[in-house]
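A.B. asks: So here's target.cif (mmCIF, C-alpha atoms and all ligand atoms).
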data_protein
loop_
_atom_site.label_atom_id
_atom_site.label_comp_id
_atom_site.auth_asym_id
_atom_site.auth_seq_id
_atom_site.Cartn_x
_atom_site.Cartn_y
_atom_site.Cartn_z
CA MET A 1255 23.32 -35.40 -15.08
CA PRO A 1256 19.87 -36.45 -16.38
CA THR A 1257 17.00 -37.37 -14.05
CA LEU A 1258 14.33 -39.95 -14.74
CA ILE A 1259 10.97 -39.87 -12.96
CA LYS A 1260 9.64 -43.44 -13.15
CA ASN A 1261 6.02 -44.56 -12.71
CA ALA A 1262 4.46 -41.13 -13.00
CA LYS A 1263 0.68 -41.03 -13.13
CA ILE A 1264 -0.15 -38.18 -15.51
CA PHE A 1265 -3.90 -37.74 -15.02
CA HIS A 1266 -4.92 -41.38 -15.55
CA ASP A 1267 -2.02 -43.00 -17.44
CA MET A 1268 1.46 -44.13 -16.46
CA PHE A 1269 4.62 -42.61 -17.96
CA ASP A 1270 8.28 -42.03 -17.26
CA ILE A 1271 9.66 -38.50 -17.60
CA LEU A 1272 13.24 -37.88 -18.68
CA ILE A 1273 14.78 -34.58 -17.61
CA ALA A 1274 18.06 -33.00 -18.67
CA ASP A 1275 19.46 -29.46 -18.58
CA GLY A 1276 16.45 -28.31 -16.56
CA LYS A 1277 13.98 -29.31 -19.29
CA ILE A 1278 11.65 -32.18 -20.07
CA LYS A 1279 13.37 -34.34 -22.72
CA GLU A 1280 10.96 -37.23 -23.14
CA ILE A 1281 7.63 -38.47 -21.80
CA ALA A 1282 6.95 -42.13 -22.61
CA PRO A 1283 6.36 -45.47 -20.92
CA ASN A 1284 9.46 -47.43 -19.85
CA ILE A 1285 12.28 -44.99 -20.60
CA LYS A 1286 15.72 -46.49 -19.91
CA LEU A 1287 18.41 -44.40 -18.22
CA HIS A 1288 22.03 -45.59 -18.14
CA ASP A 1289 23.59 -42.85 -16.10
CA GLY A 1290 21.67 -40.42 -13.92
CA VAL A 1291 19.29 -39.99 -11.00
CA VAL A 1292 16.11 -42.05 -10.79
CA ILE A 1293 13.08 -40.84 -8.83
CA ASP A 1294 10.33 -43.43 -8.39
CA ALA A 1295 6.97 -41.64 -8.37
CA LYS A 1296 5.40 -44.92 -7.18
CA ASN A 1297 2.32 -44.50 -9.41
CA LYS A 1298 1.44 -41.22 -7.71
CA LEU A 1299 -0.05 -38.20 -9.46
CA VAL A 1300 2.58 -36.16 -11.30
CA THR A 1301 1.58 -32.69 -12.46
CA PRO A 1302 3.15 -29.57 -13.87
CA GLY A 1303 4.36 -27.43 -10.97
CA LEU A 1304 1.46 -25.27 -9.78
CA ILE A 1305 1.41 -21.55 -10.56
CA ASP A 1306 -0.04 -18.92 -8.21
CA VAL A 1307 -0.41 -15.43 -9.66
CA HIS A 1308 -1.26 -13.84 -6.29
CA VAL A 1309 0.94 -14.14 -3.17
CA HIS A 1310 2.21 -11.78 -0.45
CA PHE A 1311 5.81 -12.44 0.65
CA ARG A 1312 6.08 -9.31 2.85
CA GLU A 1313 9.63 -8.23 1.99
CA PRO A 1314 10.86 -5.66 2.58
CA GLY A 1315 9.51 -4.29 5.81
CA GLN A 1316 7.14 -6.95 7.18
CA THR A 1317 9.48 -9.90 7.70
CA HIS A 1318 7.75 -10.90 10.93
CA LYS A 1319 4.83 -12.02 8.70
CA GLU A 1320 6.80 -13.75 5.92
CA THR A 1321 10.06 -13.55 3.98
CA VAL A 1322 10.95 -14.48 0.44
CA ALA A 1323 12.76 -17.50 1.92
CA SER A 1324 9.85 -18.70 4.11
CA GLY A 1325 7.18 -17.87 1.53
CA SER A 1326 8.94 -19.65 -1.29
CA LYS A 1327 9.47 -22.71 0.92
CA ALA A 1328 5.75 -22.64 1.66
CA ALA A 1329 5.13 -22.50 -2.10
CA ALA A 1330 7.33 -25.53 -2.72
CA HIS A 1331 5.61 -27.39 0.13
CA GLY A 1332 2.27 -26.67 -1.52
CA GLY A 1333 3.44 -27.98 -4.90
CA PHE A 1334 3.90 -24.53 -6.47
CA THR A 1335 6.90 -23.84 -8.69
CA THR A 1336 6.05 -20.28 -9.80
CA VAL A 1337 4.44 -17.49 -7.81
CA PHE A 1338 3.70 -13.83 -8.54
CA ALA A 1339 4.53 -11.53 -5.63
CA MET A 1340 2.47 -8.48 -4.73
CA PRO A 1341 4.03 -5.04 -4.21
CA ASN A 1342 2.10 -3.98 -1.05
CA VAL A 1343 5.14 -4.23 1.20
CA THR A 1344 6.96 -1.54 3.21
CA PRO A 1345 8.01 0.57 1.43
CA THR A 1346 5.75 -0.21 -1.52
CA ILE A 1347 7.43 -1.54 -4.68
CA ASP A 1348 6.78 1.65 -6.61
CA THR A 1349 10.20 2.97 -7.63
CA PRO A 1350 12.85 1.47 -9.92
CA GLU A 1351 15.20 1.22 -6.94
CA ALA A 1352 12.71 -0.67 -4.74
CA PHE A 1353 11.93 -2.90 -7.71
CA GLU A 1354 15.57 -3.78 -8.35
CA ASN A 1355 16.12 -4.55 -4.67
CA ILE A 1356 13.20 -6.97 -4.43
CA MET A 1357 14.16 -8.66 -7.71
CA ASP A 1358 17.63 -9.32 -6.26
CA LYS A 1359 16.08 -10.66 -3.05
CA ASN A 1360 13.67 -12.91 -4.98
CA ILE A 1361 16.58 -14.43 -6.90
CA THR A 1362 18.88 -14.81 -3.89
CA ASP A 1363 16.35 -16.13 -1.37
CA GLY A 1364 13.62 -17.69 -3.51
CA ILE A 1365 13.58 -21.44 -4.07
CA VAL A 1366 10.72 -21.25 -6.61
CA ASN A 1367 10.37 -18.95 -9.63
CA ILE A 1368 9.19 -15.58 -8.35
CA LYS A 1369 7.62 -13.08 -10.74
CA GLN A 1370 7.23 -9.58 -9.35
CA TYR A 1371 4.41 -7.07 -9.74
CA ALA A 1372 4.96 -3.34 -9.27
CA ALA A 1373 2.51 -0.82 -7.83
CA ILE A 1374 0.30 1.35 -10.03
CA SER A 1375 0.67 4.42 -7.84
CA LYS A 1376 2.95 5.63 -5.08
CA GLY A 1377 2.18 4.06 -1.70
CA LEU A 1378 -0.86 2.37 -3.34
CA LEU A 1379 -3.04 5.32 -2.37
CA ASP A 1380 -1.67 8.24 -4.33
CA GLU A 1381 -3.50 9.05 -7.55
CA LYS A 1382 -0.29 9.74 -9.50
CA VAL A 1383 0.72 6.83 -11.73
CA ASN A 1384 4.26 5.45 -11.22
CA GLU A 1385 6.99 5.20 -13.88
CA LEU A 1386 5.48 2.03 -15.30
CA GLY A 1387 7.77 1.98 -18.34
CA LYS A 1388 10.91 1.87 -16.24
CA LEU A 1389 9.38 -0.76 -13.92
CA ALA A 1390 8.43 -2.91 -16.92
CA GLU A 1391 11.97 -2.60 -18.26
CA LEU A 1392 13.28 -3.91 -14.95
CA GLY A 1393 11.01 -6.95 -15.18
CA ALA A 1394 7.63 -6.06 -13.66
CA VAL A 1395 5.14 -8.68 -14.88
CA GLY A 1396 2.16 -6.41 -14.29
CA PHE A 1397 0.87 -3.51 -12.24
CA THR A 1398 -1.40 -3.59 -9.23
CA ASN A 1399 -2.33 -1.69 -6.08
CA ASP A 1400 -3.50 -4.95 -4.46
CA GLY A 1401 -4.65 -4.23 -0.94
CA HIS A 1402 -6.50 -1.13 -2.15
CA GLY A 1403 -8.82 -0.23 -4.97
CA VAL A 1404 -7.80 2.54 -7.36
CA GLN A 1405 -10.36 5.12 -6.33
CA THR A 1406 -10.45 7.44 -9.33
CA ALA A 1407 -11.24 6.49 -12.91
CA ASP A 1408 -8.66 8.91 -14.29
CA THR A 1409 -5.80 7.18 -12.44
CA MET A 1410 -6.98 3.74 -13.52
CA LEU A 1411 -7.46 4.79 -17.14
CA ARG A 1412 -3.98 6.32 -17.35
CA ALA A 1413 -2.41 3.22 -15.78
CA MET A 1414 -4.31 1.02 -18.24
CA GLN A 1415 -3.26 3.09 -21.26
CA THR A 1416 0.40 2.96 -20.26
CA ALA A 1417 0.25 -0.75 -19.37
CA TYR A 1418 -1.26 -1.43 -22.80
CA THR A 1419 1.64 0.25 -24.59
CA LEU A 1420 4.03 -1.83 -22.46
CA ASN A 1421 2.10 -5.04 -23.17
CA LYS A 1422 1.65 -5.68 -19.41
CA PRO A 1423 -1.53 -6.52 -17.49
CA ILE A 1424 -3.29 -4.50 -14.81
CA ILE A 1425 -4.23 -6.68 -11.83
CA ALA A 1426 -7.17 -5.10 -10.06
CA HIS A 1427 -8.15 -5.31 -6.42
CA VAL A 1428 -11.56 -3.76 -7.00
CA GLU A 1429 -12.89 -1.98 -3.95
CA ASP A 1430 -14.71 1.33 -3.74
CA ASP A 1431 -13.81 2.75 -0.32
CA SER A 1432 -16.98 4.85 -0.12
CA LEU A 1433 -19.06 1.67 0.20
CA LEU A 1434 -17.01 -0.04 2.94
CA HIS A 1435 -18.36 1.72 6.04
CA GLY A 1436 -15.71 0.11 8.23
CA GLY A 1437 -16.92 -3.40 7.40
CA VAL A 1438 -14.91 -6.41 8.52
CA LEU A 1439 -17.02 -9.15 6.94
CA ASN A 1440 -19.75 -9.42 4.32
CA ALA A 1441 -22.83 -7.30 5.02
CA GLY A 1442 -25.88 -9.47 5.69
CA ALA A 1443 -27.43 -11.90 8.15
CA THR A 1444 -24.09 -13.15 9.53
CA ALA A 1445 -22.71 -9.67 10.20
CA ASP A 1446 -26.03 -8.84 11.89
CA ARG A 1447 -26.01 -12.04 13.99
CA LEU A 1448 -22.42 -11.38 15.13
CA LYS A 1449 -23.14 -7.64 15.60
CA LEU A 1450 -20.09 -6.80 13.49
CA PRO A 1451 -19.84 -4.10 10.80
CA GLY A 1452 -20.53 -5.47 7.32
CA MET A 1453 -19.26 -4.37 3.89
CA THR A 1454 -21.34 -4.77 0.80
CA GLY A 1455 -20.22 -6.62 -2.34
CA LEU A 1456 -21.26 -3.54 -4.31
CA SER A 1457 -17.90 -2.07 -3.29
CA GLU A 1458 -16.30 -4.70 -5.55
CA SER A 1459 -18.79 -4.96 -8.40
CA SER A 1460 -19.42 -1.23 -8.85
CA GLN A 1461 -15.70 -0.50 -9.27
CA LEU A 1462 -15.36 -3.57 -11.50
CA ALA A 1463 -18.12 -2.24 -13.77
CA ARG A 1464 -16.24 1.07 -14.06
CA ASP A 1465 -12.95 -0.70 -14.78
CA LEU A 1466 -14.42 -2.95 -17.46
CA VAL A 1467 -15.64 0.09 -19.37
CA LEU A 1468 -12.21 1.69 -19.04
CA ALA A 1469 -10.43 -1.55 -20.02
CA ALA A 1470 -12.58 -1.83 -23.15
CA LYS A 1471 -11.40 1.64 -24.14
CA ALA A 1472 -7.73 1.09 -23.22
CA LYS A 1473 -7.66 -2.46 -24.73
CA VAL A 1474 -5.35 -3.48 -21.87
CA HIS A 1475 -5.24 -6.99 -20.41
CA TYR A 1476 -7.25 -6.43 -17.24
CA HIS A 1477 -7.06 -9.20 -14.61
CA VAL A 1478 -9.51 -9.27 -11.70
CA ALA A 1479 -7.91 -10.37 -8.43
CA HIS A 1480 -9.84 -12.52 -5.93
CA ILE A 1481 -13.31 -12.16 -7.53
CA SER A 1482 -15.95 -12.76 -4.88
CA THR A 1483 -19.52 -11.83 -5.84
CA LYS A 1484 -22.12 -13.09 -8.27
CA GLU A 1485 -22.51 -9.59 -9.74
CA SER A 1486 -18.77 -9.51 -10.46
CA VAL A 1487 -18.91 -12.91 -12.17
CA GLU A 1488 -21.81 -11.73 -14.32
CA LEU A 1489 -19.95 -8.50 -15.23
CA VAL A 1490 -16.87 -10.46 -16.34
CA ARG A 1491 -19.10 -12.85 -18.30
CA ILE A 1492 -20.72 -9.96 -20.16
CA ALA A 1493 -17.40 -8.16 -20.69
CA LYS A 1494 -15.83 -11.28 -22.21
CA LYS A 1495 -18.75 -11.59 -24.62
CA TYR A 1496 -18.30 -7.93 -25.47
CA GLY A 1497 -14.63 -8.59 -26.35
CA VAL A 1498 -12.90 -6.96 -23.37
CA ASN A 1499 -9.46 -8.49 -22.70
CA VAL A 1500 -10.41 -9.51 -19.16
CA THR A 1501 -9.34 -12.49 -17.05
CA ALA A 1502 -10.19 -13.37 -13.46
CA GLU A 1503 -8.93 -15.42 -10.54
CA VAL A 1504 -10.81 -16.88 -7.56
CA THR A 1505 -9.32 -18.06 -4.26
CA PRO A 1506 -9.81 -21.52 -2.73
CA HIS A 1507 -11.46 -19.92 0.33
CA HIS A 1508 -14.09 -18.10 -1.72
CA LEU A 1509 -14.85 -21.39 -3.51
CA LEU A 1510 -15.09 -23.35 -0.27
CA LEU A 1511 -16.54 -21.03 2.34
CA ALA A 1512 -19.45 -18.61 2.71
CA ASP A 1513 -20.25 -16.11 5.42
CA HIS A 1514 -22.99 -18.20 7.08
CA MET A 1515 -20.24 -20.67 8.08
CA ILE A 1516 -18.65 -18.05 10.36
CA GLU A 1517 -19.89 -19.15 13.78
CA ASN A 1518 -18.36 -16.50 15.98
CA ASP A 1519 -16.13 -13.43 15.92
CA ASN A 1520 -13.08 -15.34 14.63
CA ALA A 1521 -10.34 -13.42 12.83
CA MET A 1522 -9.28 -16.54 10.88
CA PHE A 1523 -12.35 -15.80 8.75
CA LYS A 1524 -11.35 -12.19 8.12
CA MET A 1525 -10.00 -11.49 4.66
CA ASN A 1526 -10.47 -9.06 1.84
CA PRO A 1527 -12.67 -9.52 -0.06
CA PRO A 1528 -14.69 -11.16 2.71
CA LEU A 1529 -16.42 -14.53 2.46
CA ARG A 1530 -19.70 -13.77 0.68
CA SER A 1531 -23.09 -15.49 0.60
CA GLU A 1532 -23.73 -19.08 -0.44
CA GLU A 1533 -25.30 -17.71 -3.63
CA ASP A 1534 -22.09 -15.85 -4.43
CA ARG A 1535 -20.02 -18.97 -3.74
CA LYS A 1536 -22.17 -21.00 -6.14
CA ALA A 1537 -21.78 -18.29 -8.79
CA LEU A 1538 -17.99 -18.46 -8.41
CA ILE A 1539 -18.02 -22.23 -8.97
CA ALA A 1540 -20.31 -21.81 -11.98
CA GLY A 1541 -18.04 -19.05 -13.29
CA LEU A 1542 -15.01 -21.31 -13.16
CA LEU A 1543 -16.88 -24.15 -14.83
CA ASP A 1544 -18.12 -22.03 -17.75
CA GLY A 1545 -14.76 -20.29 -18.31
CA THR A 1546 -15.77 -16.85 -17.02
CA ILE A 1547 -13.18 -17.22 -14.25
CA ASP A 1548 -9.84 -18.34 -15.65
CA MET A 1549 -7.81 -19.59 -12.72
CA ILE A 1550 -7.46 -20.28 -9.01
CA ALA A 1551 -5.00 -18.08 -7.07
CA THR A 1552 -4.42 -18.27 -3.33
CA ASP A 1553 -3.95 -14.61 -2.26
CA HIS A 1554 -1.54 -16.11 0.31
CA ALA A 1555 -1.65 -13.35 2.96
CA PRO A 1556 0.44 -14.30 6.00
CA HIS A 1557 0.17 -12.35 9.26
CA SER A 1558 1.64 -12.86 12.74
CA LYS A 1559 -0.29 -14.48 15.58
CA ALA A 1560 -0.68 -11.11 17.32
CA GLU A 1561 -2.09 -9.48 14.17
CA LYS A 1562 -4.75 -12.19 13.89
CA ALA A 1563 -5.59 -12.42 17.58
CA GLY A 1564 -8.70 -10.85 19.03
CA SER A 1565 -11.82 -9.57 17.31
CA MET A 1566 -12.44 -9.35 13.57
CA VAL A 1567 -12.80 -5.62 14.17
CA THR A 1568 -9.11 -5.12 14.96
CA ALA A 1569 -7.38 -8.10 13.26
CA ALA A 1570 -5.55 -7.87 9.93
CA PHE A 1571 -7.31 -8.93 6.71
CA GLY A 1572 -6.02 -12.08 5.02
CA ILE A 1573 -5.34 -15.80 5.28
CA THR A 1574 -2.52 -18.02 4.02
CA GLY A 1575 -3.10 -20.34 1.08
CA LEU A 1576 0.00 -21.80 -0.54
CA GLU A 1577 0.24 -24.86 1.70
CA THR A 1578 -3.43 -25.79 1.63
CA ALA A 1579 -4.70 -24.85 -1.86
CA PHE A 1580 -4.08 -28.05 -3.79
CA SER A 1581 -5.26 -30.43 -1.07
CA LEU A 1582 -8.41 -28.40 -0.36
CA ILE A 1583 -9.44 -28.14 -4.01
CA TYR A 1584 -8.52 -31.77 -4.62
CA THR A 1585 -10.43 -33.04 -1.58
CA PHE A 1586 -13.57 -30.93 -1.79
CA PHE A 1587 -13.95 -30.51 -5.55
CA VAL A 1588 -12.09 -33.29 -7.38
CA LYS A 1589 -12.74 -36.20 -5.03
CA THR A 1590 -16.38 -35.18 -4.85
CA GLY A 1591 -16.71 -35.09 -8.64
CA ILE A 1592 -17.49 -31.38 -9.01
CA PHE A 1593 -14.21 -30.71 -10.89
CA THR A 1594 -12.00 -33.14 -12.78
CA ILE A 1595 -8.30 -33.36 -12.00
CA GLU A 1596 -7.70 -32.03 -15.53
CA GLN A 1597 -9.72 -28.91 -14.65
CA LEU A 1598 -7.82 -28.43 -11.40
CA ILE A 1599 -4.50 -28.52 -13.30
CA MET A 1600 -5.94 -26.22 -15.96
CA TRP A 1601 -6.89 -23.62 -13.31
CA MET A 1602 -3.78 -24.01 -11.15
CA ALA A 1603 -1.09 -24.44 -13.84
CA ASN A 1604 -2.05 -24.42 -17.55
CA LYS A 1605 -4.11 -21.24 -17.69
CA PRO A 1606 -2.06 -19.07 -15.32
CA ALA A 1607 0.97 -19.95 -17.50
CA LYS A 1608 -0.83 -19.25 -20.74
CA ILE A 1609 -2.45 -16.01 -19.61
CA PHE A 1610 0.73 -14.64 -17.98
CA ASN A 1611 3.02 -15.82 -20.81
CA LEU A 1612 5.07 -18.41 -18.96
CA GLU A 1613 6.82 -21.31 -20.67
CA SER A 1614 5.94 -23.65 -17.80
CA GLY A 1615 2.54 -24.93 -16.64
CA VAL A 1616 2.39 -28.06 -18.80
CA LEU A 1617 4.16 -31.42 -18.91
CA GLU A 1618 5.50 -31.37 -22.45
CA VAL A 1619 8.82 -32.12 -24.11
CA GLY A 1620 10.95 -28.98 -24.31
CA LYS A 1621 9.24 -27.25 -21.37
CA PRO A 1622 10.98 -26.39 -18.07
CA ALA A 1623 11.10 -29.38 -15.71
CA ASP A 1624 8.87 -27.71 -13.09
CA ILE A 1625 7.11 -30.79 -11.75
CA THR A 1626 5.19 -31.86 -8.63
CA ILE A 1627 4.32 -35.29 -7.23
CA PHE A 1628 1.17 -35.53 -5.07
CA ASP A 1629 -0.12 -38.40 -2.95
CA THR A 1630 -3.88 -38.37 -3.48
CA ASP A 1631 -4.62 -41.64 -1.65
CA GLN A 1632 -3.73 -40.98 1.97
CA GLU A 1633 -5.76 -38.69 4.15
CA PHE A 1634 -3.89 -36.27 6.40
CA GLU A 1635 -4.62 -33.36 8.71
CA ILE A 1636 -3.66 -29.76 7.95
CA ARG A 1637 -1.43 -28.81 10.89
CA GLU A 1638 0.25 -25.51 11.54
CA GLU A 1639 3.47 -27.18 12.69
CA ASN A 1640 3.86 -28.52 9.14
CA PHE A 1641 3.73 -25.05 7.57
CA TYR A 1642 6.90 -23.51 6.21
CA SER A 1643 5.13 -20.16 6.02
CA LYS A 1644 5.59 -17.87 9.00
CA GLY A 1645 1.84 -17.26 8.76
CA LYS A 1646 -0.36 -19.79 10.55
CA ASN A 1647 -3.49 -17.78 9.84
CA THR A 1648 -5.92 -20.07 8.09
CA PRO A 1649 -9.33 -21.38 9.11
CA PHE A 1650 -8.39 -24.75 7.56
CA ILE A 1651 -6.10 -25.90 10.38
CA GLY A 1652 -7.40 -29.23 11.67
CA GLN A 1653 -9.07 -30.06 8.35
CA GLN A 1654 -8.69 -33.64 7.06
CA VAL A 1655 -7.66 -33.64 3.39
CA TYR A 1656 -6.06 -35.65 0.58
CA GLY A 1657 -3.34 -34.48 -1.80
CA ARG A 1658 -0.09 -34.21 0.12
CA THR A 1659 2.91 -32.88 -1.79
CA MET A 1660 5.57 -35.59 -2.04
CA LEU A 1661 8.12 -33.82 -4.23
CA THR A 1662 8.51 -30.47 -5.95
CA MET A 1663 11.05 -29.81 -8.69
CA VAL A 1664 12.06 -26.52 -10.32
CA ALA A 1665 14.06 -26.70 -13.56
CA GLY A 1666 14.94 -30.33 -12.83
CA LYS A 1667 16.18 -29.61 -9.30
CA VAL A 1668 14.35 -31.11 -6.31
CA ILE A 1669 13.45 -28.23 -3.97
CA TYR A 1670 11.06 -30.07 -1.65
CA LYS A 1671 10.59 -33.72 -0.84
CA GLU A 1672 8.85 -35.87 1.69
CA ASN A 1673 9.82 -39.53 2.00
CA TYR A 1674 11.82 -39.57 -1.23
N1 LIG B 1 -6.43 -10.39 1.01
C1 LIG B 1 -6.24 -9.82 2.16
O1 LIG B 1 -7.11 -9.89 3.00
N2 LIG B 1 -5.10 -9.17 2.47
C2 LIG B 1 -4.01 -8.89 1.60
C3 LIG B 1 -4.27 -7.74 0.69
C4 LIG B 1 -5.17 -8.06 -0.48
O2 LIG B 1 -5.01 -9.11 -1.13
O3 LIG B 1 -6.02 -7.26 -0.83
C5 LIG B 1 -2.76 -8.65 2.43
O4 LIG B 1 -1.79 -8.08 1.91
O5 LIG B 1 -2.75 -9.06 3.60
ZN ZN B 2 -6.50 -7.70 -2.82
ZN ZN B 3 -3.66 -9.99 -2.22
#
I'd like the structure from this file rewritten - as structure tokens, please.
Ligand SMILES: NC(=O)N[C@@H](CC(=O)O)C(=O)O
Ligand SMILES: [Zn+2]
Ligand SMILES: [Zn+2]
C.D. replies:
Amino acid sequence: MPTLIKNAKIFHDMFDILIADGKIKEIAPNIKLHDGVVIDAKNKLVTPGLIDVHVHFREPGQTHKETVASGSKAAAHGGFTTVFAMPNVTPTIDTPEAFENIMDKNITDGIVNIKQYAAISKGLLDEKVNELGKLAELGAVGFTNDGHGVQTADTMLRAMQTAYTLNKPIIAHVEDDSLLHGGVLNAGATADRLKLPGMTGLSESSQLARDLVLAAKAKVHYHVAHISTKESVELVRIAKKYGVNVTAEVTPHHLLLADHMIENDNAMFKMNPPLRSEEDRKALIAGLLDGTIDMIATDHAPHSKAEKAGSMVTAAFGITGLETAFSLIYTFFVKTGIFTIEQLIMWMANKPAKIFNLESGVLEVGKPADITIFDTDQEFEIREENFYSKGKNTPFIGQQVYGRTMLTMVAGKVIYKENY
């Protein structure tokens, strides 16, 4: 049966959207429907479903932190219709068997589209490259050791060369372990004030410089995960000019927060990469605005209460993001006039789709009916009791924001709704 979304505000103009067979059939003012379901968008903002190329759903092996079911519900609640899941679970997604099992789980338990990455090397730490060809055949959308940097150039180069022949991207968590020195937040005045061990941004940028040289040689699509320093932004800027097939993502927390905002030893501010300096944060914003950084990705990293309790020294790295990303970016960047709503949708839907070869990510006739309705007028508070994620670990709890998800639809089917 067809569905008609009436009174949809698409950016600044009003349309109706006709949906049938899971696809968008027509976008025009005043469409008439004789038989079918009508959803009144009530002049609220209607966007393509958001796409997040970096989430951690923790299955198998860490289901106390998150499951495919809870994580995908969190995605739908945040207005996301497609997510890309990381392979740093237990055991790591590094064999064809592990890959097939998680693909089955994603399909059975996921309520949004879930794309799956596979690991570059066994256990994420080994220097022997996995059977990438077989993993690609089974549906791996890219290869990554996210959670760890690939420490040797030879391993990274071989992974890149194979990924290139398979036409798959390498997603790089760039981190040189020799420069970490047990750091739990950015090295600098804040780490000194809090008397906590700091880690330098050179750990990221020095390995990124190496990788960009290797990627130029291998010609692979090389995607930088959670870019966080001004040196890294400048390296990507230069590499793009030089013709390297490089793309980059930045998280909402690195766009919004800097290390000087950490008042005390609070594990909600512990993530990898850490919050950097205000200068770095400004460089990330500038990098997005000039096209050096291609998209926003949450790095949704749920952990249990116990794992985030206590000092930054012992707590787990990572914060959740799926249920706060849109409202935070909307409130602090769009409402304030730093970004336009068109740019937000470009970075959270259009470009992730284009760069990772998805059909979705735009509201156009013939495309999948992956659609979200947001209320951008009413302020609300981010509360942990409203999270579908098992992870409540975010420093944004208690924050007043705009941009509540009213309805999320995947392939024409409503998977989340509030007051509809
Ligand atoms: N970002 C984090 O701080 N943690 C991630 C790993 C990662 O993204 O590197 C996690 O898996 O918890
Ligand atoms: Zn990472
Ligand atoms: Zn991650």
A.B. asks: Do you know which residues are at most 7 Å from Gly1303 (chain A) counting only C-alpha atoms, after dropping those on the same chain fewer than 4 positions away, and could you put them as a PyMOL selection string?
C.D. replies: chain A and resi 1333-1335+1603+1615+1624-1626
A.B. asks: Let me see if you get this right: every residue at most 12 Å from ligand ZN 3 (chain B), counting only C-alpha atoms and all ligand atoms, written as an MDAnalysis selection string.
C.D. replies: chainID A and resid 1306:1312 1338:1343 1371 1398:1403 1425:1428 1478:1481 1503:1505 1525:1527 1551:1556 1571:1575
A.B. asks: Do you know which residues are at most 10 Å from Phe1353 (chain A) counting all atoms listed in the file, after dropping those on the same chain fewer than 5 positions away, and could you put them as a count of residues only?
C.D. replies: 16
A.B. asks: Check the smallest atom-to-atom distance from each of A:Lys1605, A:His1477, A:Arg1530, A:Arg1637 to ligand ZN 2 (chain B) using all atoms listed in the file, then report the winner.
C.D. replies: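 Using all atoms listed in the file, ligand ZN 2 (chain B) sits closest to A:His1477.
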A.B. asks: Using only C-alpha atoms for the distances, tell me which of A:Lys1382, A:Lys1319, A:Lys1327, A:Lys1263 is nearest to Ile1365 (chain A).
C.D. replies: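 Of the candidates, the smallest distance to Ile1365 (chain A) is held by A:Lys1327.
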A.B. asks: Ranking A:Leu1378, A:Ile1492, A:Val1655, A:Met1515 by minimum distance to ligand ZN 2 (chain B) and counting only C-alpha atoms and all ligand atoms, which one comes first?
C.D. replies: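 Closest residue, counting only C-alpha atoms and all ligand atoms: A:Leu1378.
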A.B. asks: Excluding Gly1364 (chain A) and any residue of its chain fewer than 6 positions from it, enumerate the residues within 8 Å of it, using only C-alpha atoms, and give them as a list of chain:residue names.
C.D. replies: A:Val1322, A:Ala1323, A:Ser1326, A:Lys1327
A.B. asks: For CA of Thr1321 (chain A) and CA of Ile1361 (chain A), determine how far apart the two atoms are, in Å to one decimal place.
C.D. replies: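 About the pair CA of Thr1321 (chain A) and CA of Ile1361 (chain A): they are 12.7 Å apart.
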